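I have placed the structure first, in the form of structure tokens, so that the comments after it can refer back to it.
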Protein chains: 2
Amino acid sequence: MYRTRVQSRSAGRPTRDDVAKHANISGATVSRVLSGRTDLSISPETRARVLEAAEKLGYRPNPAARALTSGRTGLVGLWMSFDYSRYRGQVVDHLRTVLSQTELALAVTDVDKEYTTVHSFDRPLRVPVDGIIAFDNSASIEAFAREHDRLAPNIPFVSMGAYWSEAQSFVGVDLRAGADEAMEHLLSTGRRRISYMAPWTSDLIDSGPRYEAYIGKMGAAGLPTSTIAFERVSYALIKEALVQRHDAGTLPEAILCMNDDVAIAASYVLEGLGVKTGQDVALVGFDGIEETEHCPCPITTVRQPVEEMCSLTYQFLQSQMNDSTAPPRQRILKPELVIRESTRG
Amino acid sequence: MYRTRVQSRSAGRPTRDDVAKHANISGATVSRVLSGRTDLSISPETRARVLEAAEKLGYRPNPAARALTSGRTGLVGLWMSFDYSRYRGQVVDHLRTVLSQTELALAVTDVDKEYTTVHSFDRPLRVPVDGIIAFDNSASIEAFAREHDRLAPNIPFVSMGAYWSEAQSFVGVDLRAGADEAMEHLLSTGRRRISYMAPWTSDLIDSGPRYEAYIGKMGAAGLPTSTIAFERVSYALIKEALVQRHDAGTLPEAILCMNDDVAIAASYVLEGLGVKTGQDVALVGFDGIEETEHCPCPITTVRQPVEEMCSLTYQFLQSQMNDSTAPPRQRILKPELVIRESTRG
DNA sequence: TTGTACGCGTTATCAC
DNA sequence: GTGATAACGCGTACAA
């Protein structure tokens with residue numbers, strides 16, 4: 001990657017001292033004007049000269065140089081999986097909103113399963129950030145956490161969501177509690193043949209709070225378990241999995257779906273098969289995206305406290321960024337079981 | 001932002017020379033080993049010593065210093081709006097896939113309407129990138145383009161999607177052609193009262209290829225136009241807008257929806273109102289997300305060539321990054337009208 | 001209020 | 001094959 005020195009990058013691009021020369025002033029003063037600090041006094045006249053010269057030359061401070069010398073970049077890194085879910089989209093949106101009211105900018109980078117095995121966070125670490133928010137990396141979060149002190153020492157780190165690192169600051173969502181509640185709800189409505197549905201390409205297929213709640217509650221009730229696996233979240237693949245069960249006559253009375261996107265897709269598939277959601281097969285989703293409420297058959301879901309999660313996370317991160325000796329702050333939020341038609345029937 | 005020097009950032013964090021001292025070797029050699037260059041010869045023994053020392057100290061090269069001196073960061077910036085649509089999620093996913101096969105990492109930053117008016121791309125520009133991909137910033141793309149040479153000179157820039165800058169490299173999608181085709185299709189099936197549906201908080205409400213195709217084709221046919229506006233993409237708000245039309249008895253025979261998410265939501269709302277999608281009201285969406293195919297009433301859509309768009313964009317960007325004097329490359333792709341039940345009835 | 005000079009941590013050149 | 005050393009562009013003590 002560093003094969004050749006890149007002349008073109010800086011060639012022709014004006015530097016602070018070019019502006020200084022143009023304005024008949026020292027480079028230091030250019031810095032003073034352009035760093036936007038209000039605590040320094042500069043004569044209005046020189047300020048104007050500097051601004052004019054900078055404008056004329058089209059000068060932009062080099063962010064790398066700034067970062068190197070100041071130790072700050074004004075960036076917050078959001079580390080997450082780019083596997084899309086509407087819930088993730090919603091979280092990014094909220095976080096953006098929170099940060100837009102500060103001076104910080106958000107840089108989102110992909111952290112997927114690759115990193116868990118390779119144990120190299122090389123790519124995400126290329127983004128020079130003042131703080132890191134790690135969101136819901138079910139697989140990688142463990143690696144993150146364990147390696148944080150080694151990989152990104154002194155970079156404030158907050159994990160957020162259903163998976164977190166105990167070692168640092170975190171805002172967790174106790175999805176286990178929510179999943180337990182959902183299972184109890186299903187069992188209390190008399191369902192016995194209950195399946196768990198998740199993609200087999202993800203860890204969720206046999207681990208994590210949702211899976212464990214499912215296994216735990218079924219075991220406690222003395223009921224056999226069964227998993228409906230599909231390759232990845234896609235209507236066609238979800239349909240394939242359900243049709244197979246349907247044709248084999250082994251559709252359960254209820255399905256605990258790994259998230260709302262899956263639950264919604266499942267409800268459409270079942271409808272297409274002439275199976276009534278809520279009556280013939282109950283469905284439960286996770287996350288609480290808006291669409292669950294407006295489906296033909298509104299879907300019971302375990303809603304995550306997105307707003308609170310995001311704003312707390314920012315508070316925790318900010319306190320670490322302001323004072324790196326501040327103790328980590330930790331909080332666990334409860335999700336909310338929202339009961340709708342899909343489990344009432 | 002640069003009020004105080006941040007000691008803590010570098011304090012305690014080992015540098016190249018710490019590793020050098022620890023390995024009884026010079027700093028230069030540490031660099032040579034750790035920059036992963038294969039064209040330099042280093043004795044296996046010292047290489048081992050360096051790696052061991054680096055591992056032991058938990059040394060991580062400082063990305064800012066690297067960037068400053070080498071002129072490269074290994075980062076590609078993806079500038080887009082964080083207003084979510086499933087299509088956007090899909091595009092990010094594809095781009096990730098393309099880049100994962102290279103040495104580059106992706107840093108996604110939000111560019112929304114704010115920047116258009118403020119004319120400051122301060123925040124996105126904080127991320128030190130080797131190249132920029134600007135995706136579908138309907139409003140900001142104009143500002144991007146005009147200011148690029150001033151704001152980010154020498155940083156290769158490719159605009160991608162339905163909006164692009166003529167000045168630089170781009171991979172455009174001729175949504176106008178697709179929208180024209182969709183309108184012709186609607187008109188050819190005998191529909192006359194056709195509405196356009198978009199959020200009034202977006203430029204799409206009264207500009208852009210979709211709107212212009214709508215206005216153009218209706219005008220040419222001598223038909224009156226009408227817009228169904230809603231605040232933003234949300235099932236509840238879309239429902240509100242449609243119910244109002246329904247109650248007033250002014251539902252059209254067809255609706256050209258700004259994207260698939262809106263079309264899908266509309267079809268559910270109409271279904272709830274007892275209005276048959278495809279028969280009573282035809283629907284057309286844009287983008288071609290998978291879900292349009294699997295709705296209760298599959299939806300006609302103008303499918304964007306996501307794969308081709310992403311891989312071409314990467315090629316264009318790469319050629320600029322390898323040789324900044326290379327001429328910009330430009331390509332316009334055609335979307336594909338996919339006709340389904342929602343316009344057949 | 002402004003200028004001088006140093007250092008941030010790295011890569012690259014040029015000796016050895 | 002390895003070691004000095006000069007940049008890279010900027011922020012900021014310190015001096016003026």
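Numbering starts fresh at 1 for the residues of each chain in the structure tokens, the chains themselves are lettered A, B, ... in the order given, and ligands are numbered from 1 as they appear.
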
Item to complete: For chain A, list the residues within 7 Å of chain B, counting only C-alpha atoms, and write the list as a PyMOL selection string.
Response: chain A and resi 1-2+5-6+8-9+13+58+60+63-65+67-68+70-71+73-74+82-84+89+93+105-109+123+126+128+150-151+153-154+235+291+324

List every residue of chain D that has an atom at most 6 Å from any atom of chain A, and for each one report the closest atom pair and its distance in Å to one decimal, counting only C-alpha atoms (C1' of nucleotides), with rows sorted by chain and then by increasing residue number, as a tab-separated table.
```
residue	atom	partner	partner_atom	distance
D:DG9	C1'	A:Ala65	CA	5.1
D:DC10	C1'	A:Ala65	CA	5.2
D:DG11	C1'	A:Thr69	CA	6.0
```

Generate the output file for the selected residues, N, CA, C and O atoms (P, O5', C5', C4', C3', O3' and C1' of nucleotides), as a PDB file, in the first residue's frame.
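The resulting file, result.pdb, is shown below:
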```pdb
ATOM      1  P    DG D   9       3.283  18.647   2.501  1.00  0.00           P
ATOM      2  O5'  DG D   9       2.449  19.205   3.720  1.00  0.00           O
ATOM      3  C5'  DG D   9       1.235  18.563   4.069  1.00  0.00           C
ATOM      4  C4'  DG D   9       0.784  19.051   5.422  1.00  0.00           C
ATOM      5  C3'  DG D   9       0.615  20.572   5.519  1.00  0.00           C
ATOM      6  O3'  DG D   9      -0.697  20.806   5.961  1.00  0.00           O
ATOM      7  C1'  DG D   9       1.918  19.756   7.319  1.00  0.00           C
ATOM      8  P    DC D  10      -1.275  22.191   6.318  1.00  0.00           P
ATOM      9  O5'  DC D  10      -1.227  22.141   7.902  1.00  0.00           O
ATOM     10  C5'  DC D  10      -2.025  21.180   8.583  1.00  0.00           C
ATOM     11  C4'  DC D  10      -1.566  21.053  10.006  1.00  0.00           C
ATOM     12  C3'  DC D  10      -1.827  22.287  10.876  1.00  0.00           C
ATOM     13  O3'  DC D  10      -2.931  21.986  11.723  1.00  0.00           O
ATOM     14  C1'  DC D  10       0.350  21.337  11.240  1.00  0.00           C
ATOM     15  P    DG D  11      -3.585  23.130  12.571  1.00  0.00           P
ATOM     16  O5'  DG D  11      -2.819  22.976  13.965  1.00  0.00           O
ATOM     17  C5'  DG D  11      -3.171  21.882  14.764  1.00  0.00           C
ATOM     18  C4'  DG D  11      -2.377  21.898  16.060  1.00  0.00           C
ATOM     19  C3'  DG D  11      -2.671  23.088  16.976  1.00  0.00           C
ATOM     20  O3'  DG D  11      -2.672  22.595  18.300  1.00  0.00           O
ATOM     21  C1'  DG D  11      -0.372  23.077  16.403  1.00  0.00           C
TER      22       DG D  11
END
```

Discussion item. So that I can check the secondary structure, give me every residue of region 85-266 of chain A assigned helix (DSSP H, G or I) by backbone DSSP, as a ChimeraX atom specification.
Written reply: /A:86-100,113-118,122-126,140-151,175-188,203-205,208-220,235-247,260-266

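Using only C-alpha atoms (C1' of nucleotides), we find that the part of chain C lying within 9 Å of chain B comprises DC8, DG9, DT10, DT11 and DA12 of chain C.
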
Would you save the residues from that selection as a compact mmCIF listing (two decimals), in the first residue's frame, using N, CA and C atoms (P, O5', C5', C4', C3', O3' and C1' of nucleotides)?
```txt
# COMPACT_ATOMS: atom_id res chain seq x y z
P DC C 8 7.88 14.44 20.15
O5' DC C 8 6.52 13.95 19.48
C5' DC C 8 5.27 14.49 19.83
C4' DC C 8 4.32 14.30 18.69
C3' DC C 8 4.55 12.97 17.96
O3' DC C 8 3.71 11.98 18.54
C1' DC C 8 4.16 14.83 16.45
P DG C 9 4.38 10.64 19.11
O5' DG C 9 4.49 9.75 17.79
C5' DG C 9 3.30 9.35 17.14
C4' DG C 9 3.64 8.85 15.76
C3' DG C 9 4.61 7.66 15.74
O3' DG C 9 4.03 6.65 14.94
C1' DG C 9 5.35 9.36 14.27
P DT C 10 4.75 5.30 14.69
O5' DT C 10 5.12 5.43 13.15
C5' DT C 10 4.09 5.48 12.19
C4' DT C 10 4.53 6.21 10.96
C3' DT C 10 5.47 5.44 10.04
O3' DT C 10 4.68 4.69 9.12
C1' DT C 10 5.99 7.79 10.18
P DT C 11 5.43 3.60 8.28
O5' DT C 11 5.98 4.45 7.04
C5' DT C 11 5.06 5.09 6.16
C4' DT C 11 5.84 5.89 5.13
C3' DT C 11 6.72 5.06 4.20
O3' DT C 11 6.54 5.58 2.89
C1' DT C 11 8.03 6.70 5.25
P DA C 12 7.24 4.88 1.66
O5' DA C 12 8.52 5.79 1.40
C5' DA C 12 8.36 7.17 1.13
C4' DA C 12 9.69 7.79 0.78
C3' DA C 12 10.58 6.95 -0.14
O3' DA C 12 11.27 7.81 -1.03
C1' DA C 12 11.68 7.27 1.91
```

Practice prompt. Identify, on the basis of only C-alpha atoms (C1' of nucleotides), every residue whose closest approach to Gly216 (chain B) does not exceed 12 Å; exclude the query and any residue fewer than 6 positions from it along the same chain; express the result as a PyMOL selection string.
Written response: chain B and resi 176-177+179-181+183-184+207-210+222-225

Practice prompt. Find the spatial neighbours of DT1 (chain C), counting only C-alpha atoms (C1' of nucleotides), within a cut-off of 12 Å - ignore same-chain residues fewer than 2 positions away - and output them as JSON, numbers by chain.
Written response: {"A": [25, 29, 32, 40, 41, 42, 43, 44, 45, 46, 47], "C": [3], "D": [16]}

Discussion item. Using only C-alpha atoms (C1' of nucleotides), which protein or nucleic acid residues come within 12 Å of DC14 (chain C)? Drop anything in the same chain fewer than 5 positions from it, and give the result as an MDAnalysis selection string.
Written reply: chainID D and resid 3:6

Residues from the last selection, all heavy atoms, saved as a PDB file, in the first residue's frame:
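What ended up in selection_22.pdb:
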```pdb
ATOM      1  P    DG D   3      19.917  -1.566  12.171  1.00  0.00           P
ATOM      2  OP1  DG D   3      20.363  -1.957  13.522  1.00  0.00           O
ATOM      3  OP2  DG D   3      18.495  -1.564  11.810  1.00  0.00           O
ATOM      4  O5'  DG D   3      20.531  -0.129  11.840  1.00  0.00           O
ATOM      5  C5'  DG D   3      21.932   0.006  11.762  1.00  0.00           C
ATOM      6  C4'  DG D   3      22.304   1.455  11.493  1.00  0.00           C
ATOM      7  O4'  DG D   3      22.032   1.764  10.097  1.00  0.00           O
ATOM      8  C3'  DG D   3      21.521   2.472  12.308  1.00  0.00           C
ATOM      9  O3'  DG D   3      22.413   3.482  12.761  1.00  0.00           O
ATOM     10  C2'  DG D   3      20.492   3.032  11.331  1.00  0.00           C
ATOM     11  C1'  DG D   3      21.216   2.907   9.990  1.00  0.00           C
ATOM     12  N9   DG D   3      20.319   2.680   8.867  1.00  0.00           N
ATOM     13  C8   DG D   3      19.345   1.711   8.790  1.00  0.00           C
ATOM     14  N7   DG D   3      18.705   1.706   7.644  1.00  0.00           N
ATOM     15  C5   DG D   3      19.289   2.751   6.938  1.00  0.00           C
ATOM     16  C6   DG D   3      18.993   3.230   5.631  1.00  0.00           C
ATOM     17  O6   DG D   3      18.154   2.803   4.838  1.00  0.00           O
ATOM     18  N1   DG D   3      19.818   4.299   5.285  1.00  0.00           N
ATOM     19  C2   DG D   3      20.785   4.842   6.087  1.00  0.00           C
ATOM     20  N2   DG D   3      21.462   5.863   5.582  1.00  0.00           N
ATOM     21  N3   DG D   3      21.066   4.396   7.311  1.00  0.00           N
ATOM     22  C4   DG D   3      20.280   3.351   7.667  1.00  0.00           C
ATOM     23  P    DA D   4      22.025   4.506  13.855  1.00  0.00           P
ATOM     24  OP1  DA D   4      22.740   4.245  15.104  1.00  0.00           O
ATOM     25  OP2  DA D   4      20.532   4.562  13.865  1.00  0.00           O
ATOM     26  O5'  DA D   4      22.592   5.821  13.216  1.00  0.00           O
ATOM     27  C5'  DA D   4      21.698   6.688  12.622  1.00  0.00           C
ATOM     28  C4'  DA D   4      22.409   7.654  11.683  1.00  0.00           C
ATOM     29  O4'  DA D   4      22.094   7.276  10.320  1.00  0.00           O
ATOM     30  C3'  DA D   4      21.851   9.058  11.873  1.00  0.00           C
ATOM     31  O3'  DA D   4      22.782  10.026  11.423  1.00  0.00           O
ATOM     32  C2'  DA D   4      20.616   9.014  11.000  1.00  0.00           C
ATOM     33  C1'  DA D   4      21.026   8.075   9.849  1.00  0.00           C
ATOM     34  N9   DA D   4      19.920   7.180   9.447  1.00  0.00           N
ATOM     35  C8   DA D   4      19.359   6.160  10.178  1.00  0.00           C
ATOM     36  N7   DA D   4      18.391   5.526   9.558  1.00  0.00           N
ATOM     37  C5   DA D   4      18.316   6.179   8.334  1.00  0.00           C
ATOM     38  C6   DA D   4      17.502   5.979   7.211  1.00  0.00           C
ATOM     39  N6   DA D   4      16.557   5.040   7.147  1.00  0.00           N
ATOM     40  N1   DA D   4      17.681   6.798   6.154  1.00  0.00           N
ATOM     41  C2   DA D   4      18.632   7.746   6.223  1.00  0.00           C
ATOM     42  N3   DA D   4      19.471   8.027   7.212  1.00  0.00           N
ATOM     43  C4   DA D   4      19.262   7.191   8.249  1.00  0.00           C
ATOM     44  P    DT D   5      22.462  11.537  11.752  1.00  0.00           P
ATOM     45  OP1  DT D   5      23.704  12.284  11.457  1.00  0.00           O
ATOM     46  OP2  DT D   5      21.855  11.577  13.088  1.00  0.00           O
ATOM     47  O5'  DT D   5      21.365  11.937  10.661  1.00  0.00           O
ATOM     48  C5'  DT D   5      21.689  11.805   9.274  1.00  0.00           C
ATOM     49  C4'  DT D   5      20.508  12.282   8.437  1.00  0.00           C
ATOM     50  O4'  DT D   5      19.581  11.202   8.195  1.00  0.00           O
ATOM     51  C3'  DT D   5      19.681  13.393   9.090  1.00  0.00           C
ATOM     52  O3'  DT D   5      19.319  14.307   8.082  1.00  0.00           O
ATOM     53  C2'  DT D   5      18.465  12.655   9.612  1.00  0.00           C
ATOM     54  C1'  DT D   5      18.277  11.661   8.479  1.00  0.00           C
ATOM     55  N1   DT D   5      17.419  10.485   8.778  1.00  0.00           N
ATOM     56  C2   DT D   5      16.689   9.946   7.754  1.00  0.00           C
ATOM     57  O2   DT D   5      16.696  10.372   6.625  1.00  0.00           O
ATOM     58  N3   DT D   5      15.924   8.867   8.116  1.00  0.00           N
ATOM     59  C4   DT D   5      15.829   8.278   9.369  1.00  0.00           C
ATOM     60  O4   DT D   5      15.126   7.315   9.558  1.00  0.00           O
ATOM     61  C5   DT D   5      16.624   8.903  10.388  1.00  0.00           C
ATOM     62  C7   DT D   5      16.597   8.366  11.799  1.00  0.00           C
ATOM     63  C6   DT D   5      17.370   9.964  10.050  1.00  0.00           C
ATOM     64  P    DA D   6      18.966  15.777   8.475  1.00  0.00           P
ATOM     65  OP1  DA D   6      20.221  16.559   8.518  1.00  0.00           O
ATOM     66  OP2  DA D   6      18.074  15.735   9.650  1.00  0.00           O
ATOM     67  O5'  DA D   6      18.125  16.239   7.200  1.00  0.00           O
ATOM     68  C5'  DA D   6      18.515  15.791   5.899  1.00  0.00           C
ATOM     69  C4'  DA D   6      17.281  15.515   5.064  1.00  0.00           C
ATOM     70  O4'  DA D   6      16.632  14.313   5.551  1.00  0.00           O
ATOM     71  C3'  DA D   6      16.224  16.618   5.113  1.00  0.00           C
ATOM     72  O3'  DA D   6      15.653  16.740   3.820  1.00  0.00           O
ATOM     73  C2'  DA D   6      15.217  16.102   6.117  1.00  0.00           C
ATOM     74  C1'  DA D   6      15.265  14.606   5.819  1.00  0.00           C
ATOM     75  N9   DA D   6      14.839  13.752   6.924  1.00  0.00           N
ATOM     76  C8   DA D   6      15.216  13.843   8.229  1.00  0.00           C
ATOM     77  N7   DA D   6      14.690  12.921   9.000  1.00  0.00           N
ATOM     78  C5   DA D   6      13.905  12.180   8.133  1.00  0.00           C
ATOM     79  C6   DA D   6      13.075  11.059   8.331  1.00  0.00           C
ATOM     80  N6   DA D   6      12.903  10.472   9.514  1.00  0.00           N
ATOM     81  N1   DA D   6      12.428  10.572   7.242  1.00  0.00           N
ATOM     82  C2   DA D   6      12.601  11.165   6.060  1.00  0.00           C
ATOM     83  N3   DA D   6      13.355  12.216   5.759  1.00  0.00           N
ATOM     84  C4   DA D   6      13.985  12.676   6.860  1.00  0.00           C
TER      85       DA D   6
END
```

Item to complete: Would you return as a list in words the members of region 195-299 of chain B that DSSP assigns to strand (DSSP E or B) on this structure's backbone?
Response: Ser195, Tyr196, Met197, Ala198, Pro199, Ser226, Thr227, Ile228, Ala229, Phe230, Ala254, Ile255, Leu256, Cys257, Thr277, Val281, Ala282, Leu283, Val284, Gly285, Phe286 and Asp287 of chain B

Worksheet item: Any idea what the distance is between CA of Val275 (chain B) and CA of Arg191 (chain B)?
Response: 16.0 Å

Worksheet entry | Residue contacts of Thr201 (chain B) (8 Å, only C-alpha atoms (C1' of nucleotides)) excluding same-chain residues fewer than 2 positions away, as a PyMOL selection string | chain B and resi 199+203+205+231-232
